[in-house]
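Here's the structure we're looking at; comments come further down.
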Amino acid sequence: LALVFAVWGVHGLVDFTTAQDRGLRVNGQDVDLERLRQVYQQQVAEAHQAYGEELPAEVTEGIRKNIVDAFVAQSLLNQKVEERRFVVSDREVVDTIQSLPNFQIDGRFNKDSYHALLRGQGISPAEFEAQQRQELRARQLEAGLFLSSFATPKELERAAALRGETRELAFAVVPAGRFLASVQVDDAALQAYYDEHKSEYLTPESVTLSYVHLRVEDVAREVAVDEAALRGFFDQVRDRYVEPEQRRARHILIQSGTDDAAAQKKAEEAYAQVTKPGADFAAIATATSQDAGSAPQGGDLGWAERSFFVGPFADALFAMKPGEISKPVKTQFGWHVIKLEEIQAGQQKSFEDVRAELEQEYRKAEAERLFGERQEQLDELAFENTGSLEPVAKALNLAVQSIPNFTKQAGGGEFVGQPKVLAAAFSGDVLGGQNSRAIELAPGSVVVVRGADHRTPQQLALADVRDRVAEATRRQLAEREAKATADRIAQQ
C-alpha cells in the first residue's frame, strides 16, 4: 500500500474503492481502469529496469501523465468512430491478423503461434480481434481526415516561401585552442583552481564485490529428457496441439445504418434471391453485399475457425451444413445472409508430429520451473547465511566470484551500469557485512552480492593530480581569452 500511495498519491488517478468516482471519464464515458492499471504497471516495471528499485517522482508522474493523455486520446478517437458509424468486415480483421509478422512462421500465418503469443500477454483471441477491429475503424477515420484536408492558395504560397527561404550570415569562430600555448599557468593559478574544484579530485567510493550468479541457461543444461516424461508433458498440453474445426463461408452484409428495419428488409430480399433454384450466391453477393472486403470475391470469407467470427454469426455458421443458407442474422455490423461452403474437421496432432517442438518446450518449461525453485532457495539461503556466500554457493553448486574496485559511480566487471546491483552493493545492509537479497537483473538472471573493504571517497592531494589540474587550469584560462577576444570582435 505504501508503494501504491507513493506512486499514485492518495488522490491519484485511479481510485481503489468500488465507487470509482475518481476514475477516468471522457465525455461521460468511463475508461477501463483495469486496462489502465495494467499499462501503468507494465511501464513502471520497465522503468525499474533502468532506474533500479526506487523511481524518481518525476519519472512516475511522467508515466502517469503520458498514460492519461494516451487513454483520453484513444477514447476520443473511439467515440468519434462510433459517432460516424465506421464499419470493418470480419474478412478485413482476419486478413489483418494473418498478415502480422509476429503470428507468422516462414511467411505464413500460424495458429499455434497466434494463440501462444496471446496467452503470453493474457489476452483472449476475442479481445485481440476486437482491438484490431477498433484500430481498423480508427484508420478509416484517419484516412478520411487526410483525404479531405486542403490548403488555400495563400497557404500554399506561404508554405513554399518558407521551405525555399534562404539567408546569408557571416560569423567568426574564436577557438580556445588557439590560446592554449600562450597562457601562463603558475603555482598560484593551479592552487586557486584546485581549491575551487576540490570535489572533482576525489578517489571513487568502492568495495570489493563478491557475488553468486544464478542463470536459467545454466539450469537448462541439467534438464534431462526421457520418453516417458515427454509423453506425460504431451498429455498435459495436448489441447494446444488440436487443429480446430474450420469452415469456409460466403455472406451478404446489409449494414444497419440509421434504419435497422429497412436493412432487415433488404437482407430478407437478398435471402429470397439466393434461395431460388439455380441462384448464384457469389454473383448476388458481389452485386448487393455492403462488405467492401468480401463483396468483390462473391462474399467469400475464406477458411476460418469459430473464434474469428462475432457471436451470432459464429453460432449460425457452426450450426449449418455444407450448402445451407441461413436466414438473415443480426450482428453489430448489420444483417448477414450466410452460405456454408465447406467444413474442415478439427484434428489432434500426434505426439510424433510435435515431438521436436515439444522437447524444446519441455526443456524450457523444466528449466524455468527449476530456476524458480532455486531462485527461492537462493533468496532463503542468502538471508539465513547472511555473513557469507560460501554456504549459498555450496548448496546451489554456484561459484563465488569477485570484482575488486567496484565503484559506486560505474560498478565494474559484468555489472557495469547495473543500477540494481549498484544500489545493493552500497546499501547499509551490505556495507554492514550482510548478503543482499536476491536481485533479479532480468528474467532468468539473479544475483546475490556482498561487499568487503569499503573505501569511502578521499581527497587527492594537489601533488597527486597536478597534471590534471594544470590541464584544466590551462583550458579555463584559454576559454577566458577566447571569450574576451570574441567580445572585442563583437564590439568592433
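Every chain in the C-alpha cells takes a letter, A first, then B, and so on in the order presented; its residues are numbered from 1, and the ligands are numbered from 1 following the presented order.
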Would you please give, as a PyMOL selection string, all residues of region 250-361 of chain A that DSSP assigns to helix (DSSP H, G or I) based on the backbone?
chain A and resi 260-274+281-288+295-297+306-308+311-317+355-361
What lies within 10 Å of Ala295 (chain A) using only C-alpha atoms, ignoring chain neighbours under 6 positions off, as an NGL selection string?
:A and (250-253 or 282-289 or 301)
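Look at Asp239 (chain A): the protein and nucleic acid residues within 10 Å of it, using only C-alpha atoms and passing over chain neighbours fewer than 5 places away, are A:Phe234, A:Pro244, A:Gln348, A:Lys349.
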How would the residues just picked look written out with all heavy atoms as a compact mmCIF listing (two decimals), in the first residue's frame?
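The result, written out as part_19.txt:
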# COMPACT_ATOMS: atom_id res chain seq x y z
N PHE A 234 3.20 -34.11 -22.94
CA PHE A 234 2.28 -34.01 -24.08
C PHE A 234 0.83 -34.17 -23.62
O PHE A 234 -0.06 -33.46 -24.08
CB PHE A 234 2.63 -35.06 -25.13
CG PHE A 234 1.70 -35.08 -26.31
CD1 PHE A 234 1.66 -34.01 -27.20
CD2 PHE A 234 0.85 -36.15 -26.53
CE1 PHE A 234 0.79 -34.02 -28.29
CE2 PHE A 234 -0.02 -36.17 -27.62
CZ PHE A 234 -0.05 -35.10 -28.49
N PRO A 244 -8.28 -26.71 -34.66
CA PRO A 244 -9.73 -26.53 -34.51
C PRO A 244 -10.45 -26.65 -35.85
O PRO A 244 -9.86 -26.44 -36.92
CB PRO A 244 -9.85 -25.11 -33.95
CG PRO A 244 -8.60 -24.43 -34.35
CD PRO A 244 -7.54 -25.48 -34.40
N GLN A 348 -6.47 -33.73 -33.96
CA GLN A 348 -5.49 -33.78 -32.88
C GLN A 348 -4.14 -34.17 -33.48
O GLN A 348 -4.00 -35.20 -34.12
CB GLN A 348 -5.91 -34.81 -31.83
CG GLN A 348 -4.85 -35.09 -30.78
CD GLN A 348 -4.65 -33.94 -29.82
OE1 GLN A 348 -5.59 -33.52 -29.16
NE2 GLN A 348 -3.44 -33.41 -29.74
N LYS A 349 -3.14 -33.31 -33.30
CA LYS A 349 -1.80 -33.67 -33.76
C LYS A 349 -1.24 -34.79 -32.89
O LYS A 349 -1.46 -34.82 -31.67
CB LYS A 349 -0.87 -32.45 -33.70
CG LYS A 349 -1.20 -31.37 -34.70
CD LYS A 349 -0.18 -30.25 -34.63
CE LYS A 349 -0.47 -29.16 -35.64
NZ LYS A 349 0.51 -28.05 -35.57
Hey, which bits of region 214-299 of chain A sit within 7 Å of region 362-367 of chain A, and for each residue what's the closest pair of atoms and how far apart in Å (one decimal), counting only C-alpha atoms, rows by chain and increasing number, as a tab-separated table?
residue	atom	partner	partner_atom	distance
A:Val216	CA	A:Ala367	CA	6.4
A:Val219	CA	A:Ala367	CA	5.8
A:Ala220	CA	A:Ala367	CA	4.7
A:Val223	CA	A:Arg363	CA	6.3
Give me the residues near Ala228 (chain A) as a ChimeraX atom specification, where near means some atom within 12 Å (using only C-alpha atoms) and where sequence neighbours in that chain fewer than 5 positions away do not count.
/A:233-235,351,359
Among the residues of region 164-295 of chain A, find those DSSP assigns to strand (DSSP E) from the backbone and print them as a PyMOL selection string.
chain A and resi 206-215+242-243+246-254
Could you tell me how far CA of Arg137 (chain A) lies from CA of Tyr271 (chain A), in Å and to one decimal?
27.9 Å
Applying 9 Å and only C-alpha atoms, which residues near Thr456 (chain A) remain after dropping the ones on its own chain fewer than 4 positions away? List them as an MDAnalysis selection string.
chainID A and resid 203:207
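All residues of protein, DNA or RNA that reach within 12 Å of Phe171 (chain A), judged by only C-alpha atoms and not counting those fewer than 2 positions away in the chain, are A:Glu168, A:Leu169, A:Val173, A:Val174, A:Ala486, A:Ile489, A:Ala490.
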Taking 6 positions as the minimum chain separation for residues in the same chain, which residues sit within 9 Å of Pro322 (chain A) when counting only C-alpha atoms? Answer as number ranges by chain.
A: 339-343
Generate a file of the selected residues that holds N, CA, C and O atoms, formatted as an mmCIF file, in the first residue's frame.
data_model
loop_
_atom_site.group_PDB
_atom_site.id
_atom_site.type_symbol
_atom_site.label_atom_id
_atom_site.label_comp_id
_atom_site.auth_asym_id
_atom_site.auth_seq_id
_atom_site.Cartn_x
_atom_site.Cartn_y
_atom_site.Cartn_z
ATOM 1 N N LYS A 339 -23.868 -18.388 -46.355
ATOM 2 C CA LYS A 339 -23.884 -19.682 -47.026
ATOM 3 C C LYS A 339 -22.624 -20.444 -46.616
ATOM 4 O O LYS A 339 -21.510 -19.955 -46.773
ATOM 5 N N LEU A 340 -22.810 -21.662 -46.066
ATOM 6 C CA LEU A 340 -21.673 -22.505 -45.691
ATOM 7 C C LEU A 340 -21.239 -23.312 -46.910
ATOM 8 O O LEU A 340 -22.030 -24.066 -47.479
ATOM 9 N N GLU A 341 -19.969 -23.163 -47.300
ATOM 10 C CA GLU A 341 -19.441 -23.861 -48.460
ATOM 11 C C GLU A 341 -18.854 -25.223 -48.082
ATOM 12 O O GLU A 341 -19.220 -26.256 -48.628
ATOM 13 N N GLU A 342 -17.880 -25.213 -47.159
ATOM 14 C CA GLU A 342 -17.172 -26.450 -46.817
ATOM 15 C C GLU A 342 -16.841 -26.469 -45.331
ATOM 16 O O GLU A 342 -16.805 -25.428 -44.667
ATOM 17 N N ILE A 343 -16.565 -27.698 -44.826
ATOM 18 C CA ILE A 343 -16.142 -27.890 -43.435
ATOM 19 C C ILE A 343 -14.819 -28.652 -43.434
ATOM 20 O O ILE A 343 -14.661 -29.649 -44.143
#
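The spacing separating CA of Arg119 (chain A) from CA of Ala345 (chain A) amounts to 23.9 Å.
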Which distance in Å separates CA of Arg455 (chain A) and CA of Gly413 (chain A), to one decimal?
17.6 Å
Residues of region 183-222 of chain A that approach region 445-452 of chain A to 7 Å or less, counting only C-alpha atoms: could you list each one with the shortest pair of atoms and its distance in Å to one decimal, rows by chain and increasing residue number, as CSV?
residue,atom,partner,partner_atom,distance
A:Val207,CA,A:Ala452,CA,5.7
A:Thr208,CA,A:Ala452,CA,5.1
A:Leu209,CA,A:Gly451,CA,4.7
A:Ser210,CA,A:Arg450,CA,5.4
A:Tyr211,CA,A:Val449,CA,4.3
A:Val212,CA,A:Val448,CA,5.6
A:His213,CA,A:Val447,CA,4.5
A:Leu214,CA,A:Val446,CA,5.2
A:Arg215,CA,A:Ser445,CA,4.7
A:Val216,CA,A:Ser445,CA,6.5
Output of the above residues as a PDB file, in the first residue's frame, restricted to all heavy atoms:
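Listing of result-v8.pdb after writing:
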ATOM      1  N   VAL A 207      34.053  -0.833  -3.307  1.00  0.00           N
ATOM      2  CA  VAL A 207      34.115  -2.024  -2.457  1.00  0.00           C
ATOM      3  C   VAL A 207      34.713  -3.153  -3.282  1.00  0.00           C
ATOM      4  O   VAL A 207      34.798  -3.082  -4.512  1.00  0.00           O
ATOM      5  CB  VAL A 207      32.715  -2.457  -1.954  1.00  0.00           C
ATOM      6  CG1 VAL A 207      32.099  -1.416  -1.049  1.00  0.00           C
ATOM      7  CG2 VAL A 207      31.799  -2.773  -3.130  1.00  0.00           C
ATOM      8  N   THR A 208      35.120  -4.196  -2.600  1.00  0.00           N
ATOM      9  CA  THR A 208      35.416  -5.448  -3.274  1.00  0.00           C
ATOM     10  C   THR A 208      34.122  -6.255  -3.248  1.00  0.00           C
ATOM     11  O   THR A 208      33.633  -6.605  -2.178  1.00  0.00           O
ATOM     12  CB  THR A 208      36.541  -6.216  -2.575  1.00  0.00           C
ATOM     13  OG1 THR A 208      37.739  -5.436  -2.641  1.00  0.00           O
ATOM     14  CG2 THR A 208      36.781  -7.560  -3.263  1.00  0.00           C
ATOM     15  N   LEU A 209      33.566  -6.492  -4.427  1.00  0.00           N
ATOM     16  CA  LEU A 209      32.246  -7.104  -4.511  1.00  0.00           C
ATOM     17  C   LEU A 209      32.369  -8.605  -4.760  1.00  0.00           C
ATOM     18  O   LEU A 209      32.999  -9.035  -5.730  1.00  0.00           O
ATOM     19  CB  LEU A 209      31.447  -6.463  -5.655  1.00  0.00           C
ATOM     20  CG  LEU A 209      29.966  -6.841  -5.714  1.00  0.00           C
ATOM     21  CD1 LEU A 209      29.202  -6.078  -4.639  1.00  0.00           C
ATOM     22  CD2 LEU A 209      29.378  -6.541  -7.086  1.00  0.00           C
ATOM     23  N   SER A 210      31.767  -9.397  -3.869  1.00  0.00           N
ATOM     24  CA  SER A 210      31.655 -10.842  -4.080  1.00  0.00           C
ATOM     25  C   SER A 210      30.208 -11.147  -4.429  1.00  0.00           C
ATOM     26  O   SER A 210      29.286 -10.475  -3.946  1.00  0.00           O
ATOM     27  CB  SER A 210      32.058 -11.604  -2.817  1.00  0.00           C
ATOM     28  OG  SER A 210      33.390 -11.302  -2.463  1.00  0.00           O
ATOM     29  N   TYR A 211      30.003 -12.174  -5.258  1.00  0.00           N
ATOM     30  CA  TYR A 211      28.636 -12.466  -5.675  1.00  0.00           C
ATOM     31  C   TYR A 211      28.517 -13.894  -6.181  1.00  0.00           C
ATOM     32  O   TYR A 211      29.496 -14.532  -6.568  1.00  0.00           O
ATOM     33  CB  TYR A 211      28.185 -11.486  -6.762  1.00  0.00           C
ATOM     34  CG  TYR A 211      28.915 -11.606  -8.074  1.00  0.00           C
ATOM     35  CD1 TYR A 211      28.404 -12.360  -9.130  1.00  0.00           C
ATOM     36  CD2 TYR A 211      30.145 -10.966  -8.262  1.00  0.00           C
ATOM     37  CE1 TYR A 211      29.084 -12.461 -10.340  1.00  0.00           C
ATOM     38  CE2 TYR A 211      30.828 -11.065  -9.471  1.00  0.00           C
ATOM     39  CZ  TYR A 211      30.293 -11.812 -10.504  1.00  0.00           C
ATOM     40  OH  TYR A 211      30.968 -11.918 -11.694  1.00  0.00           O
ATOM     41  N   VAL A 212      27.275 -14.395  -6.168  1.00  0.00           N
ATOM     42  CA  VAL A 212      26.912 -15.642  -6.842  1.00  0.00           C
ATOM     43  C   VAL A 212      25.833 -15.287  -7.857  1.00  0.00           C
ATOM     44  O   VAL A 212      24.971 -14.451  -7.589  1.00  0.00           O
ATOM     45  CB  VAL A 212      26.409 -16.728  -5.871  1.00  0.00           C
ATOM     46  CG1 VAL A 212      27.547 -17.240  -5.011  1.00  0.00           C
ATOM     47  CG2 VAL A 212      25.263 -16.222  -5.008  1.00  0.00           C
ATOM     48  N   HIS A 213      25.890 -15.935  -9.026  1.00  0.00           N
ATOM     49  CA  HIS A 213      25.006 -15.583 -10.134  1.00  0.00           C
ATOM     50  C   HIS A 213      24.276 -16.837 -10.605  1.00  0.00           C
ATOM     51  O   HIS A 213      24.901 -17.796 -11.047  1.00  0.00           O
ATOM     52  CB  HIS A 213      25.860 -15.007 -11.283  1.00  0.00           C
ATOM     53  CG  HIS A 213      25.048 -14.247 -12.289  1.00  0.00           C
ATOM     54  ND1 HIS A 213      25.601 -13.400 -13.222  1.00  0.00           N
ATOM     55  CD2 HIS A 213      23.695 -14.193 -12.515  1.00  0.00           C
ATOM     56  CE1 HIS A 213      24.642 -12.874 -13.964  1.00  0.00           C
ATOM     57  NE2 HIS A 213      23.486 -13.349 -13.564  1.00  0.00           N
ATOM     58  N   LEU A 214      22.972 -16.818 -10.487  1.00  0.00           N
ATOM     59  CA  LEU A 214      22.129 -17.931 -10.929  1.00  0.00           C
ATOM     60  C   LEU A 214      21.504 -17.568 -12.261  1.00  0.00           C
ATOM     61  O   LEU A 214      20.814 -16.549 -12.381  1.00  0.00           O
ATOM     62  CB  LEU A 214      21.035 -18.206  -9.890  1.00  0.00           C
ATOM     63  CG  LEU A 214      20.032 -19.326 -10.211  1.00  0.00           C
ATOM     64  CD1 LEU A 214      20.729 -20.677 -10.236  1.00  0.00           C
ATOM     65  CD2 LEU A 214      18.885 -19.328  -9.202  1.00  0.00           C
ATOM     66  N   ARG A 215      21.745 -18.418 -13.296  1.00  0.00           N
ATOM     67  CA  ARG A 215      21.228 -18.156 -14.641  1.00  0.00           C
ATOM     68  C   ARG A 215      20.373 -19.329 -15.099  1.00  0.00           C
ATOM     69  O   ARG A 215      20.731 -20.489 -14.875  1.00  0.00           O
ATOM     70  CB  ARG A 215      22.368 -17.954 -15.645  1.00  0.00           C
ATOM     71  CG  ARG A 215      23.311 -16.797 -15.348  1.00  0.00           C
ATOM     72  CD  ARG A 215      24.416 -16.780 -16.388  1.00  0.00           C
ATOM     73  NE  ARG A 215      25.356 -15.687 -16.206  1.00  0.00           N
ATOM     74  CZ  ARG A 215      26.425 -15.750 -15.409  1.00  0.00           C
ATOM     75  NH1 ARG A 215      26.682 -16.864 -14.717  1.00  0.00           N
ATOM     76  NH2 ARG A 215      27.234 -14.717 -15.300  1.00  0.00           N
ATOM     77  N   VAL A 216      19.290 -19.018 -15.791  1.00  0.00           N
ATOM     78  CA  VAL A 216      18.393 -20.069 -16.255  1.00  0.00           C
ATOM     79  C   VAL A 216      19.066 -20.942 -17.301  1.00  0.00           C
ATOM     80  O   VAL A 216      18.809 -22.148 -17.379  1.00  0.00           O
ATOM     81  CB  VAL A 216      17.071 -19.463 -16.806  1.00  0.00           C
ATOM     82  CG1 VAL A 216      17.301 -18.725 -18.119  1.00  0.00           C
ATOM     83  CG2 VAL A 216      16.012 -20.534 -16.977  1.00  0.00           C
TER      84      VAL A 216
END
